[in-house]
Amino acid sequence: MATNRSAYGRKSQSAPLGIKIICVLGALGALGSLLRGLGVLFSSPIGLIVGAIVIVFAVAKLAVVWGLWTLKPWAWTLTIIVYGLSLLMDVFRFFTGHLAAFFGIVVGGLLLAYVYSKRDYYK
């Protein structure tokens with residue numbers, strides 16, 4: 001799909017509705033993760049490591065949803081990386097006995113498939 005450009009060479013289109021919905025839900029999820037990461041951060045020495053990782057992923061997800069919403073070219077690639085890693089972590093959690101991670105696998109897989117189908121918006 002060709003992108004529409006204004007007379008100044010900037011994209012004049014906006015993100016599709018599905019991407020906007022993903023962004024809102026992703027931002028809410030990232031804020032929740034940020035709070036969880038802060039809660040775990042000072043709970044124990046291992047919590048320090050786990051909390052830091054959760055916080056880094058939460059900040060990365062906030063950057064991703066902002067980039068997706070504003071159609072930044074780097075956002076598509078970063079989305080595939082960040083949410084792909086999250087999907088792998090959910091698969092690991094599922095196979096280590098956390099059956100609730102199945103929900104994350106389904107949602108993460110659908111999210112990646114949808115964002116992948118909209119890659120033309122981010123060129």
# chains A, B, ... in the order shown; residues from 1 in each chain; ligands from 1
$ residues_around --residues "range 76-91 of chain A" --least-positions-apart "5" --cutoff "10 Å" --atoms "only C-alpha atoms" --output "PyMOL selection string"
chain A and resi 57-58+60-61+63-65+67-68+71+96+98-109+111-113+115-116+118-123
$ atom_distance --atom1 "CA of Ala27 in chain A" --atom2 "CA of Ser117 in chain A"
20.6 Å
$ residues_around --residues "Lys20 in chain A" --least-positions-apart "2" --cutoff "10 Å" --atoms "only C-alpha atoms" --output "ChimeraX atom specification"
/A:14-18,22-26,65-66,68-70
$ residues_around --residues "range 32-43 of chain A" --least-positions-apart "4" --cutoff "6 Å" --atoms "only C-alpha atoms" --output "ChimeraX atom specification"
/A:47-48,51,54-55,58
$ atom_distance --atom1 "CA of Gly29 in chain A" --atom2 "CA of Leu62 in chain A"
9.1 Å
$ select_by_dssp --residues "chain A" --states "alpha helix (DSSP H)" --output "count of residues only"
90
$ atom_distance --atom1 "CA of Ile46 in chain A" --atom2 "CA of Phe92 in chain A"
18.5 Å
$ closest_residue --among "A:Ala52, A:Gln13, A:Arg93, A:Ile21" --to "Tyr114 in chain A" --atoms "only C-alpha atoms"
A:Ile21
